[in-house]
>>> print(open('protein-v4.txt').read())   # compact mmCIF, C-alpha atoms
# COMPACT_ATOMS: atom_id res chain seq x y z
CA MET B 1056 -72.97 -155.64 185.81
CA ALA B 1057 -76.68 -156.20 186.42
CA ARG B 1058 -78.42 -153.82 188.76
CA THR B 1059 -81.02 -155.01 191.21
CA ILE B 1060 -84.01 -152.91 192.13
CA HIS B 1061 -85.70 -153.58 195.47
CA HIS B 1062 -89.17 -152.61 196.60
CA ALA B 1063 -89.05 -150.77 199.91
CA ARG B 1064 -91.16 -148.61 202.22
CA ILE B 1065 -90.21 -145.40 203.98
CA LEU B 1066 -91.57 -145.51 207.55
CA GLY B 1067 -89.71 -142.57 209.11
CA PRO B 1068 -87.58 -139.57 208.18
CA VAL B 1069 -84.99 -140.25 205.48
CA PRO B 1070 -83.36 -136.91 204.64
CA TYR B 1071 -82.04 -135.90 201.22
CA ARG B 1072 -80.89 -132.73 199.46
CA ALA B 1073 -83.47 -131.39 197.02
CA GLY B 1074 -82.79 -129.01 194.15
CA GLY B 1075 -81.02 -125.86 195.24
CA GLY B 1076 -79.50 -127.63 198.25
CA LYS B 1077 -82.68 -127.49 200.33
CA GLN B 1078 -83.01 -130.44 202.71
CA GLY B 1079 -86.20 -132.48 202.71
CA ASN B 1080 -87.38 -135.93 203.73
CA ILE B 1081 -88.42 -138.66 201.34
CA PRO B 1082 -92.20 -139.00 201.80
CA LEU B 1083 -93.56 -141.92 203.80
CA GLY B 1084 -94.74 -144.79 201.66
CA PRO B 1085 -93.51 -147.09 198.92
CA CYS B 1086 -90.28 -146.55 197.01
CA LEU B 1087 -87.69 -148.38 194.96
CA VAL B 1088 -84.02 -148.62 195.89
CA GLU B 1089 -81.22 -149.47 193.49
CA ARG B 1090 -77.55 -149.68 194.39
CA VAL B 1091 -75.67 -147.69 191.77
CA ASP B 1092 -72.16 -148.61 192.89
CA GLY B 1093 -70.41 -149.47 196.12
CA HIS B 1094 -71.15 -146.08 197.63
CA LEU B 1095 -74.42 -144.73 196.16
CA VAL B 1096 -78.06 -145.82 196.14
CA ASP B 1097 -80.87 -144.41 194.00
CA VAL B 1098 -84.17 -143.99 195.84
CA ILE B 1099 -87.21 -143.53 193.58
CA TRP B 1100 -90.69 -142.53 194.80
CA GLY B 1101 -93.93 -140.95 193.66
CA ALA B 1102 -97.06 -142.37 192.04
CA THR B 1103 -95.26 -142.71 188.70
CA GLY B 1104 -91.68 -142.76 189.95
CA GLN B 1105 -91.29 -139.08 189.12
CA ARG B 1106 -89.02 -138.24 192.08
CA SER B 1107 -85.61 -139.63 192.90
CA THR B 1108 -82.39 -138.92 194.73
CA GLU B 1109 -78.99 -140.50 195.17
CA LEU B 1110 -77.90 -141.15 198.72
CA PRO B 1111 -74.72 -142.60 200.18
CA PHE B 1112 -75.10 -146.30 200.98
CA ARG B 1113 -74.21 -145.59 204.63
CA ASP B 1114 -77.26 -143.27 204.91
CA ILE B 1115 -79.56 -146.01 203.59
CA GLU B 1116 -78.00 -148.52 205.99
CA ALA B 1117 -78.55 -146.11 208.90
CA ALA B 1118 -82.20 -145.55 207.88
CA ALA B 1119 -82.73 -149.33 207.72
CA ASP B 1120 -81.07 -149.81 211.12
CA ARG B 1121 -83.42 -147.19 212.62
CA GLY B 1122 -86.45 -148.84 210.97
CA ASP B 1123 -87.11 -145.77 208.80
CA LEU B 1124 -86.61 -147.77 205.58
CA VAL B 1125 -87.66 -151.39 205.16
CA LEU B 1126 -86.78 -153.55 202.17
CA LEU B 1127 -89.81 -155.60 201.10
CA ASP B 1128 -88.04 -158.11 198.85
>>> encode(input="protein-v4.txt", output="C-alpha cells")
Amino acid sequence: MARTIHHARILGPVPYRAGGGKQGNIPLGPCLVERVDGHLVDVIWGATGQRSTELPFRDIEAAADRGDLVLLD
C-alpha cells in the first residue's frame, strides 16, 4: 500500500505526548502529515524533519476542524 505524505501548517495548539509522557504542542509552522493506517497519523516537523509524533486520526481531524492544522495539498 502506497503512503501519501501531505504538506500542512500548524496554526494553533495541536497537543502530543513527548518523551517521558510530558505533554507539549507541535510548534506553529510547516509540517508533514502521513496516514500510517486507519487510526494513526505521523506528524513530522522541524527544519530538517528531526521531530515527529504519531497521533490518532481523530485528533488530527479535530485539529483540522478547529483550524489549528491546515492541509496545503
>>> closest_residue(input="protein-v4.txt", among="B:Pro1111, B:Pro1085, B:Pro1070, B:Gly1122", to="Ile1099 of chain B", atoms="only C-alpha atoms")
B:Pro1085
>>> residues_around(input="protein-v4.txt", residues="Leu1095 of chain B", least_positions_apart="5", cutoff="12 Å", atoms="all atoms listed in the file", output="MDAnalysis selection string")
chainID B and resid 1088:1090 1108:1116
>>> atom_distance(input="protein-v4.txt", atom1="atom CA of Gly1093 of chain B", atom2="atom CA of Gly1067 of chain B")
24.3 Å
>>> axis_aligned_box(input="protein-v4.txt", around="segment 1104-1120 of chain B", padding_each_side="5 Å", output="AutoDock Vina command-line options")
--center_x -82.9 --center_y -144.0 --center_z 200.1 --size_x 27.5 --size_y 21.6 --size_z 32.0
>>> atom_distance(input="protein-v4.txt", atom1="atom CA of Gly1101 of chain B", atom2="atom CA of Ala1117 of chain B")
22.3 Å
>>> atom_distance(input="protein-v4.txt", atom1="atom CA of Leu1083 of chain B", atom2="atom CA of Ser1107 of chain B")
13.7 Å
>>> residues_near_point(input="protein-v4.txt", point="(-84.2, -150.1, 203.7)", cutoff="10 Å", atoms="all atoms listed in the file", output="number ranges by chain")
B: 1061-1066, 1086-1088, 1098, 1114-1127
>>> closest_residue(input="protein-v4.txt", among="B:Asp1128, B:Arg1058, B:Gly1104, B:Val1069", to="Val1091 of chain B", atoms="all atoms listed in the file")
B:Arg1058
